[in-house]
Every structure is written in C-alpha cells, then in structure tokens.
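Chemist: Quick one: the structure is below, and I'll ask about it shortly.
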2 protein chains.
Amino acid sequence: MAVLSHATGLQKASLYHHFPGGKNEMLETAVLATIVELERRVFRFLETNGDAADRIGQVLEGFDVYTNGGRRSCLLAVIAQSSVAENFQSRISAQFDAWIARLSKTLVEFGCEPNRGDSLALETLETLYGSLAVGRLLGSFENVSFALRRSRRNIGLDTTPDFL
Amino acid sequence: MAVLSHATGLQKASLYHHFPGGKNEMLETAVLATIVELERRVFRFLETNGDAADRIGQVLEGFDVYTNGGRRSCLLAVIAQSSVAENFQSRISAQFDAWIARLSKTLVEFGCEPNRGDSLALETLETLYGSLAVGRLLGSFENVSFALRRSRRNIGLDTTPDFL
DNA sequence: GATAAACTAACGAACGTTCGTTTTAAACAC
DNA sequence: GTGTTTAAAACGAACGTTCGTTAGTTTATC
C-alpha cells in the first residue's frame with residue numbers, strides 16, 4: 001500500500017475512498033486489470049481479421065510489448081507464485097485455460113494438426129513465461145527476444161533457418 | 001519469520017540464536033542452501049562419470065525430482081521475482097551463468113554444434129522454468145512432465161516420435 | 001558449573017485501517 | 001456573476017495489529 005500511495009500520489013487513507021474493501025479489493029482490482037490488459041494487448045489478436053499466421057504473430061509480438069521485451073514481469077505470474085495465490089488461483093487458471101484453448105484453435109486453423117493444438121499452445125505459453133523467468137534469474141532479458149523467435153519457428157511462422 | 005518459527009517449532013526469538021543477522025541472514029542462508037540443493041540434486045550430474053547423454057538425462061530427471069514433479073517451486077525463481085531480489089540478484093545470476101556454461105559444455109560433448117551449446121542450454125532452462133511458471137498459472141503440474149520429455153527430444157536424447 | 005539453546009516478555013517501527021475534517025468542484029438559487 | 005448547497009475526493013491523525021528485533025531468564029547438555 002505504501003507503493004500504491006507513492007505511485008498515485010495519494011495518502012493511504014485516500015485509497016480507501018476508491019477501494020473501500022481495502023488491500024484485498026486493491027489486489028483483486030490489479031489482478032482483473034492485468035487480465036484485461038493481457039486480453040487487450042495480447043490475446044485479443046487471436047480473433048481479429050486476417051489469416052491465422054498473422055494473428056499468432058500478433059500475439060507473440062503483443063507479449064513482447066506487454067512485457068516491454070522482458071523488462072517487466074507479468075503480475076499474474078508473480079501472484080501465482082505468491083502466498084496470496086489461493087484467493088485468485090481459480091480465476092487465473094480459468095483465464096489461462098481459456099487463452100490456451102483459443103490459441104490452440106488458431107494454431108489448428110493455421111495448419112497445426114488438431115491433436116497437437118493444445119500441447120503446442122501450452123508449449124508456446126511455457127516458452128514465453130519461461131523466458132521471463134530465466135531472464136529474471138539471469139538479471140537480463142536478451143533471452144526473451146530469442147525465445148520469441150524460437151517460438152515463431154517452432155510454430156512454423158518462420159521458416160528461416162537457425163543461422164540467420 | 002512466523003512461517004520459519006512454525007516450521008522449526010522454535011520461538012521467533014530462538015531463531016536469532018542461530019541467525020544473529022536476523023531476517024537478512026535467514027534469507028541469505030535459504031538462498032545459498034537452495035543453490036547447494038540445486039547443485040546436489042541437479043547440476044552435479046553434469047560432471048559425473050558416464051557418457052554425456054546419461055548426464056544430461058540425469059540433470060532433467062534431477063530437476064523433476066527437485067521440484068517434485070512441478071508441485072514445488074524453485075526458491076531462486078521466487079526470490080528473483082520479488083522485491084528483495086536486489087540483494088541476491090548478482091549471486092543468483094552468476095550461479096545460473098555458471099550452470100548454463102556447464103550444461104552447454106556437456107551438450108557440445110554430447111554432439112551439439114559448439115555454437116549452439118549456449119543457446120540450447122539456455123533454451124533447456126527456459127523450458128524447465130517455463131513449465132513451472134505455467135503450472136502455477138494453471139494450478140496444475142501435469143505439463144511439467146510433458147516439458148521434460150519435450151526437452152529430451154529437443155536435445156536429441158529421445159528419438160521417439162511425438163505420437164508415442 | 002559453564003556453554004549452548006531454548007524460552008517469555010517487551011519494544012519500536014511498519015502495516016492496514018478507521019475517523020473526522022478540509023478541500024474541490026459541480027449544481028443550483030438568487 | 002455571486003453566493004449557497006452538496007457530494008466527491010482529498011487530507012492528517014490516530015488506532016490496533018503484525019513484524020522484526022532485543023533483553024533477560026530458564027532449561028538443557030556436557
């Protein structure tokens with residue numbers, strides 16, 4: 001709350017005017033806002049116009065922008081690893097289930113074998129979040145752009161060989 | 001500290017007998033102990049006897065055991081994402097740099113192209129930690145064993161086709 | 001009897017919250 | 001336009017709790 005107070009320029013007491021439910025409501029708002037942000041900047045593209053390849057590319061590009069090239073963590077991943085996860089676990093996992101299903105559908109539309117869609121979608125998210133996690137562990141983030149390119153190649157968006 | 005007190009069965013005050021440096025020393029001890037544990041249960045195998053393939057397989061298997069099949073987080077990944085990371089960032093990233101270098105060396109020894117070693121080692125760790133992260137997001141962990149198998153295949157340890 | 005290792009009790013600081021008050025700003029009366 | 005009313009939105013001050021820590025005392029161990 002000290003961080004929120006500083007970030008907003010408001011006294012802690014003033015935060016209670018906007019969030020009468022206190023700390024819990026603030027955190028819940030942050031989680032829901034993060035879901036909305038991820039939807040708007042990343043997964044929304046799964047249902048835009050254009051061919052499937054473009055849409056999948058936009059999702060990967062969107063994740064890059066959303067995380068600022070790996071410099072910024074995803075709040076949902078942080079929450080999911082914290083001790084307060086229980087209160088939001090079901091909401092978060094339901095959301096990721098839905099995102100994976102939508103990504104899978106688009107992958108199949110792109111040409112992926114139908115029974116591979118789910119696992120390729122899962123694998124793609126693991127690649128993205130894995131690069132974020134390892135970036136943190138290395139105190140760096142160059143690996144994130146590598147992972148995005150690898151993901152494109154793995155899906156079949158890029159056919160450029162490794163050495164380019 | 002309340003958690004430590006409960007876990008050890010000691011009063012909070014008694015913890016100061018073992019860790020006069022207080023909270024900071026306790027956290028530092030936990031971080032160092034985790035590094036030791038990861039070394040002992042995972043990365044140690046990179047330099048055991050036997051051919052490179054076996055050793056790499058032992059590392060992957062060791063990670064599976066270390067995380068209890070994805071049920072348990074890696075403390076280093078949690079710390080690296082928290083606000084106290086600054087105090088330990090350099091220690092953690094130096095350690096992961098070293099582990100990646102050692103894994104890369106073993107991968108090359110196994111047959112990986114020398115200039116691919118570093119990126120394949122990085123990619124492997126991203127796969128492991130990515131599956132952990134997504135497992136948390138999904139509130140599940142079946143994906144971790146999938147990721148381990150995928151990693152084996154990606155490295156070339158398994159030549160079994162996908163449909164098996 | 002001495003040293004290590006536990007305990008109880010308490011402290012100050014930070015946290016999360018509540019309270020009552022003041023400022024801001026839009027709506028209305030004159 | 002000026003003055004009044006009203007509700008929203010900010011504030012400072014305080015409260016009780018939890019946290020990290022210290023002090024002094026007792027129990028265990030050798």
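Simple scheme: letters A, B, ... for chains in structure tokens order, numbers from 1 for residues in each chain, numbers from 1 for ligands in the order shown.
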Quick one: chain A onto chain B, least squares on all Cα paired in order, result as a CSV table (one decimal) with C-alpha atoms, in the first residue's frame?
Modeler:
```
chain,number,residue,atom,x,y,z
A,1,MET,CA,9.6,-15.5,10.3
A,2,ALA,CA,6.3,-16.7,11.6
A,3,VAL,CA,6.5,-19.4,9.0
A,4,LEU,CA,10.0,-20.3,10.0
A,5,SER,CA,9.0,-20.3,13.6
A,6,HIS,CA,6.2,-22.7,12.9
A,7,ALA,CA,8.2,-24.9,10.6
A,8,THR,CA,11.1,-25.3,13.1
A,9,GLY,CA,9.0,-25.5,16.2
A,10,LEU,CA,11.1,-22.7,17.7
A,11,GLN,CA,10.1,-19.4,19.1
A,12,LYS,CA,11.0,-16.4,16.9
A,13,ALA,CA,13.5,-15.3,19.6
A,14,SER,CA,15.3,-18.7,19.3
A,15,LEU,CA,15.9,-18.1,15.6
A,16,TYR,CA,18.1,-15.2,16.5
A,17,HIS,CA,20.4,-17.5,18.3
A,18,HIS,CA,21.1,-19.4,15.1
A,19,PHE,CA,20.9,-16.3,12.8
A,20,PRO,CA,22.1,-13.3,14.7
A,21,GLY,CA,21.8,-11.3,11.5
A,22,GLY,CA,18.1,-11.6,11.6
A,23,LYS,CA,15.8,-11.8,8.7
A,24,ASN,CA,18.4,-10.9,6.2
A,25,GLU,CA,20.8,-13.6,7.3
A,26,MET,CA,17.9,-16.2,7.3
A,27,LEU,CA,17.0,-15.3,3.7
A,28,GLU,CA,20.6,-15.3,2.6
A,29,THR,CA,21.0,-18.8,4.2
A,30,ALA,CA,17.9,-20.0,2.4
A,31,VAL,CA,19.2,-18.7,-1.0
A,32,LEU,CA,22.6,-20.3,-0.5
A,33,ALA,CA,21.1,-23.6,0.7
A,34,THR,CA,18.9,-23.6,-2.4
A,35,ILE,CA,21.9,-23.1,-4.6
A,36,VAL,CA,23.6,-26.0,-2.8
A,37,GLU,CA,20.5,-28.2,-3.2
A,38,LEU,CA,20.1,-27.5,-6.9
A,39,GLU,CA,23.8,-28.3,-7.3
A,40,ARG,CA,23.5,-31.5,-5.4
A,41,ARG,CA,20.3,-32.7,-6.9
A,42,VAL,CA,20.5,-31.4,-10.5
A,43,PHE,CA,23.6,-29.8,-11.9
A,44,ARG,CA,26.2,-32.0,-10.1
A,45,PHE,CA,25.4,-34.7,-12.7
A,46,LEU,CA,26.9,-32.6,-15.4
A,47,GLU,CA,30.4,-33.7,-14.2
A,48,THR,CA,29.7,-37.3,-13.1
A,49,ASN,CA,31.1,-40.3,-15.0
A,50,GLY,CA,29.2,-41.8,-17.9
A,51,ASP,CA,28.5,-40.5,-21.3
A,52,ALA,CA,27.1,-37.1,-21.9
A,53,ALA,CA,23.7,-38.3,-22.8
A,54,ASP,CA,23.3,-40.0,-19.4
A,55,ARG,CA,24.5,-37.0,-17.6
A,56,ILE,CA,22.1,-34.6,-19.3
A,57,GLY,CA,19.3,-37.1,-18.7
A,58,GLN,CA,20.2,-37.1,-15.0
A,59,VAL,CA,20.0,-33.3,-14.9
A,60,LEU,CA,16.5,-33.3,-16.3
A,61,GLU,CA,15.4,-36.1,-14.1
A,62,GLY,CA,17.0,-34.3,-11.1
A,63,PHE,CA,15.1,-31.2,-11.8
A,64,ASP,CA,11.9,-33.3,-11.9
A,65,VAL,CA,12.7,-34.7,-8.5
A,66,TYR,CA,13.9,-31.4,-7.1
A,67,THR,CA,10.5,-29.7,-8.0
A,68,ASN,CA,8.6,-32.8,-7.0
A,69,GLY,CA,7.2,-33.1,-10.5
A,70,GLY,CA,6.3,-29.4,-10.6
A,71,ARG,CA,4.4,-29.4,-7.3
A,72,ARG,CA,7.1,-27.3,-5.6
A,73,SER,CA,8.5,-24.0,-6.8
A,74,CYS,CA,12.2,-23.2,-7.0
A,75,LEU,CA,13.0,-20.6,-4.3
A,76,LEU,CA,15.5,-18.9,-6.6
A,77,ALA,CA,12.8,-18.2,-9.2
A,78,VAL,CA,10.5,-16.9,-6.5
A,79,ILE,CA,13.2,-14.6,-5.0
A,80,ALA,CA,14.3,-13.4,-8.5
A,81,GLN,CA,10.8,-12.1,-9.0
A,82,SER,CA,10.3,-10.5,-5.6
A,83,SER,CA,11.3,-7.1,-4.4
A,84,VAL,CA,14.1,-8.4,-2.3
A,85,ALA,CA,15.8,-9.7,-5.4
A,86,GLU,CA,18.4,-6.8,-5.5
A,87,ASN,CA,20.3,-8.2,-2.6
A,88,PHE,CA,20.8,-11.6,-4.2
A,89,GLN,CA,20.5,-10.8,-7.9
A,90,SER,CA,24.2,-10.9,-8.6
A,91,ARG,CA,24.7,-14.1,-6.7
A,92,ILE,CA,21.8,-15.9,-8.4
A,93,SER,CA,22.6,-14.7,-11.9
A,94,ALA,CA,26.3,-15.6,-11.6
A,95,GLN,CA,25.2,-19.1,-10.5
A,96,PHE,CA,22.9,-19.5,-13.4
A,97,ASP,CA,25.5,-18.2,-15.8
A,98,ALA,CA,27.8,-21.0,-14.5
A,99,TRP,CA,25.2,-23.7,-14.7
A,100,ILE,CA,24.3,-22.7,-18.3
A,101,ALA,CA,28.0,-22.8,-19.3
A,102,ARG,CA,28.4,-26.2,-17.8
A,103,LEU,CA,25.3,-27.5,-19.4
A,104,SER,CA,26.4,-26.1,-22.7
A,105,LYS,CA,29.7,-27.8,-22.5
A,106,THR,CA,28.1,-31.1,-21.8
A,107,LEU,CA,25.6,-30.6,-24.7
A,108,VAL,CA,28.5,-30.0,-27.1
A,109,GLU,CA,30.2,-33.1,-25.7
A,110,PHE,CA,27.0,-35.0,-26.5
A,111,GLY,CA,27.2,-33.9,-30.0
A,112,CYS,CA,25.5,-30.5,-30.2
A,113,GLU,CA,27.1,-28.0,-32.6
A,114,PRO,CA,29.5,-25.9,-30.5
A,115,ASN,CA,27.9,-22.6,-31.4
A,116,ARG,CA,24.5,-24.0,-30.5
A,117,GLY,CA,25.5,-25.1,-27.0
A,118,ASP,CA,24.9,-21.9,-25.1
A,119,SER,CA,21.5,-21.3,-26.7
A,120,LEU,CA,20.4,-24.9,-26.3
A,121,ALA,CA,21.4,-24.8,-22.7
A,122,LEU,CA,19.5,-21.5,-22.2
A,123,GLU,CA,16.6,-22.9,-24.0
A,124,THR,CA,16.6,-26.0,-21.8
A,125,LEU,CA,16.5,-24.0,-18.6
A,126,GLU,CA,13.7,-21.8,-20.1
A,127,THR,CA,11.7,-24.9,-20.8
A,128,LEU,CA,12.1,-26.2,-17.3
A,129,TYR,CA,11.3,-22.9,-15.5
A,130,GLY,CA,8.6,-22.1,-18.1
A,131,SER,CA,6.8,-25.3,-17.3
A,132,LEU,CA,7.0,-24.5,-13.6
A,133,ALA,CA,5.6,-21.0,-14.2
A,134,VAL,CA,2.7,-22.1,-16.4
A,135,GLY,CA,2.0,-25.0,-14.0
A,136,ARG,CA,1.5,-22.3,-11.3
A,137,LEU,CA,-0.7,-20.3,-13.6
A,138,LEU,CA,-2.8,-23.3,-14.4
A,139,GLY,CA,-2.9,-24.5,-10.9
A,140,SER,CA,-1.7,-27.8,-12.1
A,141,PHE,CA,1.6,-29.5,-12.9
A,142,GLU,CA,1.0,-32.3,-15.5
A,143,ASN,CA,2.6,-30.0,-18.0
A,144,VAL,CA,5.9,-30.3,-16.3
A,145,SER,CA,6.5,-33.9,-17.3
A,146,PHE,CA,5.5,-33.1,-20.8
A,147,ALA,CA,8.0,-30.3,-20.9
A,148,LEU,CA,10.7,-32.6,-19.6
A,149,ARG,CA,10.0,-35.1,-22.3
A,150,ARG,CA,9.9,-32.3,-24.9
A,151,SER,CA,13.3,-31.1,-23.6
A,152,ARG,CA,14.8,-34.5,-24.0
A,153,ARG,CA,13.5,-34.7,-27.6
A,154,ASN,CA,14.7,-31.2,-28.4
A,155,ILE,CA,18.2,-32.0,-27.2
A,156,GLY,CA,18.2,-35.3,-29.0
A,157,LEU,CA,18.2,-37.6,-26.1
A,158,ASP,CA,15.0,-39.2,-27.2
A,159,THR,CA,14.4,-40.1,-30.8
A,160,THR,CA,10.9,-41.5,-30.0
A,161,PRO,CA,8.4,-39.8,-32.3
A,162,ASP,CA,5.7,-37.5,-30.9
A,163,PHE,CA,2.8,-40.0,-31.0
A,164,LEU,CA,4.4,-42.4,-28.5
```
Chemist: With only C-alpha atoms (C1' of nucleotides) considered, list every residue of chain D at most 9 Å from chain B, as a list in words.
Modeler: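 So the contacting residues turn out to be DC19, DG20, DT21 and DT22 of chain D.
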Chemist: For a quick test of understanding: name the residues of chain C lying within 8 Å of chain B when counting only C-alpha atoms (C1' of nucleotides), and present them as a PyMOL selection string.
Modeler: chain C and resi 5-7
Chemist: DSSP on the backbone, then: every residue of region 73-151 of chain A marked helix (DSSP H, G or I), written as a PyMOL selection string.
Modeler: chain A and resi 75-81+86-110+114-138+142-151
